[in-house]
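Have a look at the structure below, then the notes.
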Amino acid sequence: MMLQYFKDLESGIAAKIKENPDIPNARRKYALEVSRLGTRLYSGENSVAWCGVTAPFDLLSAMGVTSCFVEFIGAMLASTGAIGTFLDHAEHSGYASDICGYHRSVLGSAKQGLMPVPDFLIATSCPCSGGLAVMENLAEMFKKDLFVLHIPQDESGKNVKYLADQIEQMTGFVSAHTGRPIDEDALRMAIENTNLARELMKEVFELASHVPSPTNGHDLSNFGIVMALLLGTEAGVNISKAYRDEFAARNREMKPGMPGEKHRLMWIQNRIQFRSPLDKLLREQYRANIVVDELNSITWEPIDPDDPYTGLARRAISIPFNGTIRRRVNHLQKLALSYKIDGAINPCHRGCRQGAGARGLISEGLKEIGIPVLNLEVDVVDPRDFAEAQLSTRIEAFIEMLDART
Amino acid sequence: MSDNKGYIGFACAYTPLPIIYAAGYTPYRILPMGDSPDQAGHILHDNLCPHIKRILDRAMGNDLPDLAGMVFMNSCDAMRRLADAWHRVRPDINMILIDLPATTDEIAVSFFTGEISKLIDAVSEWSGKKTGIADIEYGILLYNQISDFMNELTEKTYGGKTNTSVSVLQKLFNRSVTGSPISFIEDARRILSENEQGKATKGGVPVFLFGHVLPDPEAFLLFESSGAKIIGDDLCTGSRFFNPVATDGKKGIVENLAESILLRPPCARTIDITMPGKIGNVMISKAKKIGAHGAICHVVKFCDPYLSRMPSIREEFRKAGMPLLVLEGDCTLRSIGQQQTRIEAFIEMLR
């Protein structure tokens with residue numbers, strides 16, 4: 001089912017790009033690579049690793065492994081509208097309905113035999129202990145070997161070396177399963193691609209902070225988190241370049257992504273992954289533009305190709321979900337100020353203890369710099385109990401409050 | 001060596017207590033008990049583990065002794081968020097968050113040794129005096145004594161070789177982590193003599209109890225009044241807490257401490273990569289070894305490490321033919337009391 005879905009998606013998007021090949025087509029190129037990744041995962045033709053969110057995907061790619069964090073599958077199932085079946089199945093199998101929807105859907109899918117059987121799994125302790133638990137579950141279900149990367153909370157003491165050593169150890173684990181030793185040239189090339197994409201993404205984010213923004217609130221949805229899967233590849237570089245060119249042109253030609261942009265918003269953590277009327281409501285009725293997502297930023301320095309494990313370790317430690325909430329709040333404040341936002345929306349993904357568990361502290365942190373936060377109560381992948389009317393009313397009230405402040 | 005500098009609070013069973021004692025403090029476990037008003041949900045989220053919320057409620061409701069510091073372990077998302085929220089509501093109290101690996105291999109032990117060293121530096125700073133190796137060795141010896149005492153008492157109590165009831169045993173577990181360790185054994189003997197005669201359950205269906213936190217001694221009385229005889233446990237407020245530290249001098253004392261904590265019977269959050277999902281089998285082995293007719297698993301709501309593993313645990317119990325009752329609670333006696341009919345029916349089935 002999913003293989004056919006990704007194949008159809010891939011051919012449909014490729015045809016659209018062909019219709020107008022001379023424009024950057026940034027979002028389409030992004031979607032094309034996402035569908036290609038899906039095809040590779042489900043085709044049964046590649047070495048596949050299911051991973052945690054902060055695994056070094058560029059390193060795995062250099063080792064010839066198609067790797068992906070499992071939450072990606074939850075998001076894809078939600079976007080296809082088929083996720084309800086998998087959530088139901090997981091719940092009927094005994095998984096509590098209040099654990100993270102991403103993880104429930106993946107477990108439901110695996111239980112139904114619809115997740116590709118991986119060659120091995122790599123769990124990461126960041127961003128969440130729920131993620132670790134799902135990886136242990138999958139390793140048990142698939143009867144496949146599991147490697148755990150413990151991501152320390154910060155860079156103090158010997159933490160970077162500790163993680164760098166684990167990543168190096170991981171390459172041995174991967175080689176033992178693929179039968180292929182690490183190719184130093186391939187790794188160097190992957191790191192160079194990663195650094196190139198990093199520079200381009202940085203430019204993309206700087207361009208997106210322009211007032212009015214070249215993004216339309218949808219262009220960069222899921223971009224930062226999904227791009228992690230494409231780092232190290234030429235595709236990752238090409239997508240970043242397409243975005244950079246498209247946004248630069250829009251700014252130069254004064255063609256904002258959302259004409260009449262009235263309110264500039266920040267979206268905290270993950271977007272709602274299923275079709276919801278809230279996007280349209282924000283965009284069309286209120287001209288409220290989501291100009292920045294929490295994970296659309298570069299928090300890490302270029303990686304030294306001569307010492308890749310250290311750079312990969314620093315990158316994993318740097319993500320905003322790691323460490324204390326003060327660190328995350330500092331990151332959000334920085335984004336809020338550089339994007340000149342008027343307000344922020346936190347969906348408070350139900351079941352996310354690490355994210356939603358901090359909602360009060362995040363609201364207080366943004367209030368320190370005068371940014372109001374709308375805390376919703378949504379499971380961002382589970383449309384079954386999506387309370388459209390209530391959420392619309394809350395958004396309406398929030399926008400009225402923003403109107404009153406201008 | 002004394003612990004007269006006051007209390008240092010902690011919340012997780014993985015906390016290295018000998019270090020706190022070595023710095024001259026009494027470790028004080030903030031148990032999720034008491035009647036503090038519900039306030040934590042405003043700062044955290046209502047869908048967060050009640051163990052964590054009740055600890056924060058106690059901090060917000062000033063239902064704590066004076067604390068010279070607070071030690072948090074990064075054992076799960078909820079604990080991490082508790083540390084953040086604590087910093088917000090009690091900025092007046094020193095605090096430290098110690099990272100805790102999810103695995104127990106050599107590299108994890110080495111990292112955790114470094115984290116314990118950070119704790120040594122922190123408590124030294126808080127006390128204004130360097131905590132030396134001799135202090136730590138003494139702290140370890142003291143806690144090893146308590147560990148031996150509690151392990152022996154636990155075995156005797158569950159084995160029916162004393163008149164001690166399991167609710168009194170739980171009182172002692174609670175006392176062992178909330179009062180001075182130096183007078184613990186003496187206090188324990190007094191508590192035992194006060195509660196000794198004729199209190200232990202004579203009948204009842206032998207049951208193994210495992211799960212998360214269950215500190216309220218009344219809960220054990222409730223199990224007994226439902227017809228169960230608890231003959232073993234694997235709870236982080238119970239027998240899982242104590243694991244003696246090696247003092248054979250083969251490794252450094254801090255490394256020995258790290259190893260002992262990481263290698264103690266694991267909480268669901270700790271992963272053995274050689275055997276993913278082994279917790280169900282471990283619990284079954286324990287239950288069978290002691291001759292339990294069935295097992296009761298008590299988990300608190302919203303505890304991801306346990307909830308995510310429950311289907312696998314249930315499946316293992318089913319395959320082993322060992323009856324299992326799962327209770328979800330919110331750390332209040334009321335939440336268990338509401339399930340008394342289920343407990344009674346389960347015990348009836350086991351008869």
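As shown in the structure tokens, the chain order sets the letters A, B, ...; within each chain, residues go from 1, and ligands are also counted from 1 in the order they appear.
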Counting only C-alpha atoms, which residues in chain A sit no more than 9 Å from chain B? For each one, give the nearest pair of atoms and the distance in Å, sorted by chain then residue number, as JSON lines.
{"residue": "A:Ser93", "atom": "CA", "partner": "B:Pro311", "partner_atom": "CA", "distance": 6.6}
{"residue": "A:Gly94", "atom": "CA", "partner": "B:Pro311", "partner_atom": "CA", "distance": 5.1}
{"residue": "A:Tyr95", "atom": "CA", "partner": "B:Ser308", "partner_atom": "CA", "distance": 6.3}
{"residue": "A:Ala96", "atom": "CA", "partner": "B:Leu307", "partner_atom": "CA", "distance": 6.4}
{"residue": "A:Asp98", "atom": "CA", "partner": "B:Phe302", "partner_atom": "CA", "distance": 6.8}
{"residue": "A:Ile99", "atom": "CA", "partner": "B:Asp304", "partner_atom": "CA", "distance": 6.6}
{"residue": "A:Cys100", "atom": "CA", "partner": "B:Asp304", "partner_atom": "CA", "distance": 8.8}
{"residue": "A:Arg104", "atom": "CA", "partner": "B:Ser308", "partner_atom": "CA", "distance": 8.8}
{"residue": "A:Ser125", "atom": "CA", "partner": "B:Ala102", "partner_atom": "CA", "distance": 7.2}
{"residue": "A:Pro127", "atom": "CA", "partner": "B:Asp77", "partner_atom": "CA", "distance": 8.7}
{"residue": "A:Cys128", "atom": "CA", "partner": "B:Asp77", "partner_atom": "CA", "distance": 6.1}
{"residue": "A:Ser129", "atom": "CA", "partner": "B:Cys76", "partner_atom": "CA", "distance": 5.6}
{"residue": "A:Gly130", "atom": "CA", "partner": "B:Asp304", "partner_atom": "CA", "distance": 5.6}
{"residue": "A:Leu132", "atom": "CA", "partner": "B:Arg269", "partner_atom": "CA", "distance": 8.3}
{"residue": "A:Ala133", "atom": "CA", "partner": "B:Pro305", "partner_atom": "CA", "distance": 6.1}
{"residue": "A:Val134", "atom": "CA", "partner": "B:Ser308", "partner_atom": "CA", "distance": 6.8}
{"residue": "A:Glu136", "atom": "CA", "partner": "B:Pro276", "partner_atom": "CA", "distance": 5.5}
{"residue": "A:Asn137", "atom": "CA", "partner": "B:Gly277", "partner_atom": "CA", "distance": 6.5}
{"residue": "A:Leu138", "atom": "CA", "partner": "B:Pro276", "partner_atom": "CA", "distance": 8.8}
{"residue": "A:Ala139", "atom": "CA", "partner": "B:Pro276", "partner_atom": "CA", "distance": 6.4}
{"residue": "A:Glu140", "atom": "CA", "partner": "B:Pro276", "partner_atom": "CA", "distance": 5.4}
{"residue": "A:Lys143", "atom": "CA", "partner": "B:Pro276", "partner_atom": "CA", "distance": 8.7}
{"residue": "A:Asp145", "atom": "CA", "partner": "B:Ile273", "partner_atom": "CA", "distance": 7.5}
{"residue": "A:Leu146", "atom": "CA", "partner": "B:Ile273", "partner_atom": "CA", "distance": 5.8}
{"residue": "A:Phe147", "atom": "CA", "partner": "B:Ile273", "partner_atom": "CA", "distance": 6.7}
{"residue": "A:Val148", "atom": "CA", "partner": "B:Thr103", "partner_atom": "CA", "distance": 7.4}
{"residue": "A:Leu149", "atom": "CA", "partner": "B:Ala102", "partner_atom": "CA", "distance": 8.8}
{"residue": "A:His150", "atom": "CA", "partner": "B:Pro101", "partner_atom": "CA", "distance": 6.2}
{"residue": "A:Ile151", "atom": "CA", "partner": "B:Pro101", "partner_atom": "CA", "distance": 8.6}
{"residue": "A:Pro152", "atom": "CA", "partner": "B:Asp99", "partner_atom": "CA", "distance": 7.0}
{"residue": "A:Gln153", "atom": "CA", "partner": "B:Asp99", "partner_atom": "CA", "distance": 7.1}
{"residue": "A:Gly157", "atom": "CA", "partner": "B:Gly114", "partner_atom": "CA", "distance": 8.5}
{"residue": "A:Lys158", "atom": "CA", "partner": "B:Gly114", "partner_atom": "CA", "distance": 8.3}
{"residue": "A:Asn159", "atom": "CA", "partner": "B:Phe111", "partner_atom": "CA", "distance": 8.1}
{"residue": "A:Tyr162", "atom": "CA", "partner": "B:Phe111", "partner_atom": "CA", "distance": 7.2}
{"residue": "A:Asp165", "atom": "CA", "partner": "B:Ile107", "partner_atom": "CA", "distance": 8.9}
{"residue": "A:Gln166", "atom": "CA", "partner": "B:Ile107", "partner_atom": "CA", "distance": 8.2}
{"residue": "A:Gly323", "atom": "CA", "partner": "B:Arg80", "partner_atom": "CA", "distance": 8.4}
{"residue": "A:Thr324", "atom": "CA", "partner": "B:Asp84", "partner_atom": "CA", "distance": 6.4}
{"residue": "A:Ile325", "atom": "CA", "partner": "B:Asp84", "partner_atom": "CA", "distance": 6.1}
{"residue": "A:Arg326", "atom": "CA", "partner": "B:Asp84", "partner_atom": "CA", "distance": 7.7}
{"residue": "A:Cys348", "atom": "CA", "partner": "B:His45", "partner_atom": "CA", "distance": 8.9}
{"residue": "A:Arg350", "atom": "CA", "partner": "B:Asn47", "partner_atom": "CA", "distance": 7.5}
{"residue": "A:Gly351", "atom": "CA", "partner": "B:Asn47", "partner_atom": "CA", "distance": 6.9}
{"residue": "A:Cys352", "atom": "CA", "partner": "B:Asn47", "partner_atom": "CA", "distance": 8.6}
{"residue": "A:Arg353", "atom": "CA", "partner": "B:Asp77", "partner_atom": "CA", "distance": 5.9}
{"residue": "A:Gln354", "atom": "CA", "partner": "B:Asp77", "partner_atom": "CA", "distance": 5.0}
{"residue": "A:Gly355", "atom": "CA", "partner": "B:Asp77", "partner_atom": "CA", "distance": 8.8}
{"residue": "A:Ala356", "atom": "CA", "partner": "B:His45", "partner_atom": "CA", "distance": 6.4}
{"residue": "A:Gly357", "atom": "CA", "partner": "B:Leu44", "partner_atom": "CA", "distance": 4.8}
{"residue": "A:Ala358", "atom": "CA", "partner": "B:Leu44", "partner_atom": "CA", "distance": 5.3}
{"residue": "A:Arg359", "atom": "CA", "partner": "B:Leu44", "partner_atom": "CA", "distance": 6.2}
{"residue": "A:Gly360", "atom": "CA", "partner": "B:Ile43", "partner_atom": "CA", "distance": 4.3}
{"residue": "A:Leu361", "atom": "CA", "partner": "B:Ile43", "partner_atom": "CA", "distance": 6.2}
Checklist entry - Among segment 30-240 of chain A, which residues carry a DSSP assignment of strand (DSSP E or B), reported as an NGL selection string? => result :A and (47-51 or 65-69 or 120-124 or 146-149)
Next on the checklist: Taking 5 positions as the minimum chain separation for residues in the same chain, which residues sit within 8 Å of segment 232-248 of chain A when counting only C-alpha atoms? Answer as a PyMOL selection string.
Outcome noted: chain A and resi 23-27+29-30+33+57-59+61-62+189-194+196-197+200-201+203-204+207-208+214-215+227
Okay, now the selection with N, CA and C atoms, as a PDB file, in the first residue's frame?
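Ended up saving to out04.pdb:
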ATOM      1  N   ILE A  23      11.568  26.910 -13.359  1.00  0.00           N
ATOM      2  CA  ILE A  23      11.408  27.602 -12.074  1.00  0.00           C
ATOM      3  C   ILE A  23      11.982  26.719 -10.962  1.00  0.00           C
ATOM      4  N   PRO A  24      12.309  27.301  -9.822  1.00  0.00           N
ATOM      5  CA  PRO A  24      12.985  26.480  -8.782  1.00  0.00           C
ATOM      6  C   PRO A  24      12.163  25.291  -8.293  1.00  0.00           C
ATOM      7  N   ASN A  25      10.825  25.400  -8.245  1.00  0.00           N
ATOM      8  CA  ASN A  25       9.980  24.264  -7.809  1.00  0.00           C
ATOM      9  C   ASN A  25      10.420  23.692  -6.469  1.00  0.00           C
ATOM     10  N   ALA A  26      10.772  24.567  -5.529  1.00  0.00           N
ATOM     11  CA  ALA A  26      11.413  24.089  -4.300  1.00  0.00           C
ATOM     12  C   ALA A  26      10.567  23.058  -3.554  1.00  0.00           C
ATOM     13  N   ARG A  27       9.311  23.418  -3.276  1.00  0.00           N
ATOM     14  CA  ARG A  27       8.492  22.500  -2.479  1.00  0.00           C
ATOM     15  C   ARG A  27       8.270  21.177  -3.217  1.00  0.00           C
ATOM     16  N   LYS A  29      10.333  19.801  -5.350  1.00  0.00           N
ATOM     17  CA  LYS A  29      11.568  19.006  -5.304  1.00  0.00           C
ATOM     18  C   LYS A  29      11.718  18.340  -3.933  1.00  0.00           C
ATOM     19  N   TYR A  30      11.321  19.081  -2.927  1.00  0.00           N
ATOM     20  CA  TYR A  30      11.353  18.527  -1.558  1.00  0.00           C
ATOM     21  C   TYR A  30      10.412  17.317  -1.480  1.00  0.00           C
ATOM     22  N   GLU A  33      11.706  14.244  -3.284  1.00  0.00           N
ATOM     23  CA  GLU A  33      12.729  13.469  -2.560  1.00  0.00           C
ATOM     24  C   GLU A  33      12.126  12.706  -1.372  1.00  0.00           C
ATOM     25  N   PHE A  57      22.005  10.616   9.851  1.00  0.00           N
ATOM     26  CA  PHE A  57      21.496  10.037   8.605  1.00  0.00           C
ATOM     27  C   PHE A  57      22.488  10.185   7.450  1.00  0.00           C
ATOM     28  N   ASP A  58      23.293  11.246   7.482  1.00  0.00           N
ATOM     29  CA  ASP A  58      24.283  11.411   6.407  1.00  0.00           C
ATOM     30  C   ASP A  58      25.352  10.322   6.481  1.00  0.00           C
ATOM     31  N   LEU A  59      25.751   9.992   7.703  1.00  0.00           N
ATOM     32  CA  LEU A  59      26.737   8.916   7.875  1.00  0.00           C
ATOM     33  C   LEU A  59      26.151   7.585   7.394  1.00  0.00           C
ATOM     34  N   SER A  61      23.791   7.185   5.256  1.00  0.00           N
ATOM     35  CA  SER A  61      23.658   7.250   3.807  1.00  0.00           C
ATOM     36  C   SER A  61      25.004   6.938   3.143  1.00  0.00           C
ATOM     37  N   ALA A  62      26.078   7.485   3.716  1.00  0.00           N
ATOM     38  CA  ALA A  62      27.419   7.208   3.169  1.00  0.00           C
ATOM     39  C   ALA A  62      27.771   5.727   3.281  1.00  0.00           C
ATOM     40  N   MET A 189      32.599  12.797   1.242  1.00  0.00           N
ATOM     41  CA  MET A 189      31.682  13.445   0.294  1.00  0.00           C
ATOM     42  C   MET A 189      30.341  13.764   0.970  1.00  0.00           C
ATOM     43  N   ALA A 190      29.882  12.837   1.784  1.00  0.00           N
ATOM     44  CA  ALA A 190      28.613  13.065   2.487  1.00  0.00           C
ATOM     45  C   ALA A 190      28.731  14.266   3.420  1.00  0.00           C
ATOM     46  N   ILE A 191      29.828  14.358   4.119  1.00  0.00           N
ATOM     47  CA  ILE A 191      30.007  15.478   5.060  1.00  0.00           C
ATOM     48  C   ILE A 191      30.092  16.801   4.285  1.00  0.00           C
ATOM     49  N   GLU A 192      30.766  16.754   3.138  1.00  0.00           N
ATOM     50  CA  GLU A 192      30.838  17.989   2.340  1.00  0.00           C
ATOM     51  C   GLU A 192      29.441  18.398   1.861  1.00  0.00           C
ATOM     52  N   ASN A 193      28.649  17.414   1.442  1.00  0.00           N
ATOM     53  CA  ASN A 193      27.265  17.722   1.040  1.00  0.00           C
ATOM     54  C   ASN A 193      26.460  18.276   2.212  1.00  0.00           C
ATOM     55  N   THR A 194      26.677  17.690   3.369  1.00  0.00           N
ATOM     56  CA  THR A 194      25.973  18.166   4.570  1.00  0.00           C
ATOM     57  C   THR A 194      26.313  19.633   4.835  1.00  0.00           C
ATOM     58  N   LEU A 196      27.440  21.824   2.750  1.00  0.00           N
ATOM     59  CA  LEU A 196      26.907  22.678   1.670  1.00  0.00           C
ATOM     60  C   LEU A 196      25.415  22.936   1.896  1.00  0.00           C
ATOM     61  N   ALA A 197      24.695  21.875   2.196  1.00  0.00           N
ATOM     62  CA  ALA A 197      23.251  22.020   2.461  1.00  0.00           C
ATOM     63  C   ALA A 197      23.037  22.932   3.668  1.00  0.00           C
ATOM     64  N   LEU A 200      23.315  26.530   2.656  1.00  0.00           N
ATOM     65  CA  LEU A 200      22.145  26.929   1.854  1.00  0.00           C
ATOM     66  C   LEU A 200      20.894  27.052   2.734  1.00  0.00           C
ATOM     67  N   MET A 201      20.738  26.107   3.652  1.00  0.00           N
ATOM     68  CA  MET A 201      19.562  26.164   4.538  1.00  0.00           C
ATOM     69  C   MET A 201      19.613  27.413   5.422  1.00  0.00           C
ATOM     70  N   GLU A 203      20.873  30.197   4.589  1.00  0.00           N
ATOM     71  CA  GLU A 203      20.432  31.306   3.727  1.00  0.00           C
ATOM     72  C   GLU A 203      18.912  31.293   3.573  1.00  0.00           C
ATOM     73  N   VAL A 204      18.367  30.082   3.396  1.00  0.00           N
ATOM     74  CA  VAL A 204      16.905  29.954   3.234  1.00  0.00           C
ATOM     75  C   VAL A 204      16.197  30.548   4.453  1.00  0.00           C
ATOM     76  N   LEU A 207      16.444  34.295   4.545  1.00  0.00           N
ATOM     77  CA  LEU A 207      15.519  34.891   3.572  1.00  0.00           C
ATOM     78  C   LEU A 207      14.079  34.819   4.081  1.00  0.00           C
ATOM     79  N   ALA A 208      13.744  33.713   4.718  1.00  0.00           N
ATOM     80  CA  ALA A 208      12.365  33.531   5.208  1.00  0.00           C
ATOM     81  C   ALA A 208      12.020  34.526   6.310  1.00  0.00           C
ATOM     82  N   PRO A 214       8.942  35.531   2.324  1.00  0.00           N
ATOM     83  CA  PRO A 214       8.726  34.841   1.036  1.00  0.00           C
ATOM     84  C   PRO A 214       7.985  33.513   1.202  1.00  0.00           C
ATOM     85  N   THR A 215       7.869  33.025   2.423  1.00  0.00           N
ATOM     86  CA  THR A 215       7.145  31.758   2.609  1.00  0.00           C
ATOM     87  C   THR A 215       5.654  32.033   2.786  1.00  0.00           C
ATOM     88  N   MET A 227      14.620  17.477   6.404  1.00  0.00           N
ATOM     89  CA  MET A 227      15.901  17.653   5.713  1.00  0.00           C
ATOM     90  C   MET A 227      17.025  16.868   6.386  1.00  0.00           C
TER      91      MET A 227
END
Item to check | Residue among A:Gln390, A:Asn322, A:Gln4, A:Ser213 lying closest to Met254 of chain A, counting only C-alpha atoms | outcome: A:Ser213
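A straight line drawn from atom CA of Met283 of chain B to atom CA of Gln112 of chain A is 27.1 Å long.
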Next on the checklist: So that I can check the surroundings of segment 140-147 of chain B, please list as a ChimeraX atom specification every protein, DNA and RNA residue that reaches within 8 Å of it, counting only C-alpha atoms and ignoring chain neighbours fewer than 5 positions away.
Outcome noted: /B:17-18,176,181-182,184-185,242-245,257
Writer output for current selection, N, CA, C and O atoms, as an mmCIF file, in the first residue's frame:
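Result file follows (result_9.cif):
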data_model
loop_
_atom_site.group_PDB
_atom_site.id
_atom_site.type_symbol
_atom_site.label_atom_id
_atom_site.label_comp_id
_atom_site.auth_asym_id
_atom_site.auth_seq_id
_atom_site.Cartn_x
_atom_site.Cartn_y
_atom_site.Cartn_z
ATOM 1 N N LEU B 17 22.627 7.844 46.365
ATOM 2 C CA LEU B 17 22.471 8.366 47.721
ATOM 3 C C LEU B 17 23.778 8.468 48.522
ATOM 4 O O LEU B 17 23.948 9.428 49.282
ATOM 5 N N PRO B 18 24.710 7.501 48.382
ATOM 6 C CA PRO B 18 25.928 7.613 49.199
ATOM 7 C C PRO B 18 26.684 8.933 48.974
ATOM 8 O O PRO B 18 27.347 9.419 49.883
ATOM 9 N N SER B 176 13.599 4.534 54.859
ATOM 10 C CA SER B 176 15.010 4.384 54.470
ATOM 11 C C SER B 176 15.460 5.477 53.502
ATOM 12 O O SER B 176 16.653 5.721 53.367
ATOM 13 N N PRO B 181 20.197 8.090 57.391
ATOM 14 C CA PRO B 181 20.606 6.690 57.217
ATOM 15 C C PRO B 181 21.361 6.174 58.439
ATOM 16 O O PRO B 181 21.353 4.979 58.718
ATOM 17 N N ILE B 182 21.975 7.083 59.170
ATOM 18 C CA ILE B 182 22.817 6.662 60.285
ATOM 19 C C ILE B 182 21.981 6.004 61.382
ATOM 20 O O ILE B 182 22.424 5.078 62.045
ATOM 21 N N PHE B 184 18.959 4.669 60.729
ATOM 22 C CA PHE B 184 17.890 3.900 60.088
ATOM 23 C C PHE B 184 17.695 2.515 60.694
ATOM 24 O O PHE B 184 16.582 2.110 61.023
ATOM 25 N N ILE B 185 18.790 1.782 60.849
ATOM 26 C CA ILE B 185 18.640 0.384 61.281
ATOM 27 C C ILE B 185 18.030 0.337 62.684
ATOM 28 O O ILE B 185 17.136 -0.473 62.958
ATOM 29 N N PHE B 242 17.416 -1.092 46.429
ATOM 30 C CA PHE B 242 18.705 -1.349 47.089
ATOM 31 C C PHE B 242 19.527 -2.406 46.363
ATOM 32 O O PHE B 242 19.069 -3.515 46.132
ATOM 33 N N ASN B 243 20.729 -2.016 46.024
ATOM 34 C CA ASN B 243 21.662 -2.940 45.378
ATOM 35 C C ASN B 243 23.052 -2.620 45.935
ATOM 36 O O ASN B 243 23.572 -1.536 45.684
ATOM 37 N N PRO B 244 23.634 -3.517 46.718
ATOM 38 C CA PRO B 244 24.920 -3.186 47.343
ATOM 39 C C PRO B 244 25.998 -2.836 46.312
ATOM 40 O O PRO B 244 25.998 -3.366 45.197
ATOM 41 N N VAL B 245 26.894 -1.958 46.721
ATOM 42 C CA VAL B 245 27.992 -1.523 45.842
ATOM 43 C C VAL B 245 29.222 -2.368 46.171
ATOM 44 O O VAL B 245 29.541 -2.572 47.344
ATOM 45 N N LEU B 257 30.143 2.443 42.181
ATOM 46 C CA LEU B 257 28.818 2.981 42.503
ATOM 47 C C LEU B 257 27.977 3.109 41.224
ATOM 48 O O LEU B 257 26.801 2.712 41.190
#
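Counting from atom CA of Asp8 of chain A, the distance to atom CA of Leu32 of chain A is 10.6 Å.
Among the candidates A:Ile182, A:Ile399, A:Ile17, A:Ala249, the one nearest to Asn289 of chain A when counting only C-alpha atoms is A:Ile399.
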Checklist entry - Excluding same-chain residues fewer than 5 positions from segment 52-68 of chain B, what lies within 7 Å of it counting only C-alpha atoms, as a PyMOL selection string? => result chain B and resi 6-9+30-32+36-41+78-79+82+86+89+93-94
Please produce a file of those selected residues containing N, CA, C and O atoms, as a CSV table (one decimal), in the first residue's frame.
chain,number,residue,atom,x,y,z
B,6,GLY,N,21.5,19.0,56.8
B,6,GLY,CA,20.2,19.2,56.3
B,6,GLY,C,19.9,18.2,55.2
B,6,GLY,O,20.6,17.2,55.0
B,7,TYR,N,18.7,18.4,54.6
B,7,TYR,CA,18.3,17.4,53.6
B,7,TYR,C,18.6,17.9,52.2
B,7,TYR,O,18.7,19.0,51.8
B,8,ILE,N,18.9,16.8,51.3
B,8,ILE,CA,18.9,17.1,49.9
B,8,ILE,C,17.8,16.2,49.3
B,8,ILE,O,17.8,15.0,49.6
B,9,GLY,N,17.0,16.8,48.5
B,9,GLY,CA,15.9,16.0,48.0
B,9,GLY,C,16.3,15.3,46.7
B,9,GLY,O,17.2,15.6,46.0
B,30,ILE,N,11.4,12.6,47.7
B,30,ILE,CA,10.1,13.2,47.7
B,30,ILE,C,9.1,12.2,47.1
B,30,ILE,O,9.1,12.0,45.9
B,31,LEU,N,8.4,11.6,48.0
B,31,LEU,CA,7.5,10.5,47.5
B,31,LEU,C,6.2,11.2,47.1
B,31,LEU,O,5.8,12.3,47.6
B,32,PRO,N,5.5,10.6,46.1
B,32,PRO,CA,4.3,11.2,45.6
B,32,PRO,C,3.1,11.0,46.5
B,32,PRO,O,2.2,10.3,46.1
B,36,SER,N,-1.1,17.9,48.9
B,36,SER,CA,-0.9,19.2,48.3
B,36,SER,C,-1.9,19.4,47.2
B,36,SER,O,-2.2,18.5,46.4
B,37,PRO,N,-2.4,20.6,47.0
B,37,PRO,CA,-3.3,20.9,45.9
B,37,PRO,C,-2.7,20.6,44.5
B,37,PRO,O,-1.5,20.8,44.4
B,38,ASP,N,-3.6,20.2,43.6
B,38,ASP,CA,-3.1,20.0,42.2
B,38,ASP,C,-2.8,21.3,41.6
B,38,ASP,O,-3.7,22.1,41.3
B,39,GLN,N,-1.5,21.6,41.3
B,39,GLN,CA,-1.1,22.8,40.6
B,39,GLN,C,-0.2,22.6,39.5
B,39,GLN,O,0.0,23.4,38.6
B,40,ALA,N,0.5,21.4,39.5
B,40,ALA,CA,1.6,21.2,38.6
B,40,ALA,C,1.2,21.2,37.1
B,40,ALA,O,1.9,21.6,36.2
B,41,GLY,N,-0.1,20.8,36.9
B,41,GLY,CA,-0.6,20.7,35.5
B,41,GLY,C,-0.5,22.0,34.7
B,41,GLY,O,-0.4,22.1,33.5
B,78,ALA,N,9.6,12.8,31.6
B,78,ALA,CA,8.8,13.5,32.7
B,78,ALA,C,9.8,14.0,33.8
B,78,ALA,O,9.6,15.1,34.3
B,79,MET,N,10.8,13.2,34.1
B,79,MET,CA,11.8,13.6,35.1
B,79,MET,C,12.5,14.8,34.6
B,79,MET,O,12.8,15.7,35.4
B,82,LEU,N,10.3,17.7,35.0
B,82,LEU,CA,10.2,18.0,36.5
B,82,LEU,C,11.4,18.9,36.9
B,82,LEU,O,11.2,19.9,37.6
B,86,TRP,N,10.9,22.5,38.4
B,86,TRP,CA,11.4,22.7,39.8
B,86,TRP,C,12.2,24.0,39.8
B,86,TRP,O,12.1,24.9,40.7
B,89,VAL,N,9.8,26.9,40.0
B,89,VAL,CA,9.0,27.1,41.2
B,89,VAL,C,9.8,27.2,42.4
B,89,VAL,O,9.4,27.8,43.4
B,93,ILE,N,16.3,26.9,45.7
B,93,ILE,CA,17.0,25.7,46.1
B,93,ILE,C,18.0,25.3,45.0
B,93,ILE,O,17.7,25.2,43.9
B,94,ASN,N,19.2,25.0,45.5
B,94,ASN,CA,20.3,24.4,44.6
B,94,ASN,C,19.7,23.2,43.9
B,94,ASN,O,19.0,22.4,44.5
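Each of B:Val300, B:Val326, B:Cys267, B:Met73 was compared to Arg240 of chain B using only C-alpha atoms, and B:Cys267 turns out to be the nearest.
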Next on the checklist: I'd like the contact shell of Asn330 of chain A - 12 Å cut-off, only C-alpha atoms, skipping same-chain residues fewer than 4 positions apart - returned as a PyMOL selection string.
Outcome noted: chain A and resi 294+299+320-321+323-326+334-337+361-362+364-366+368-369
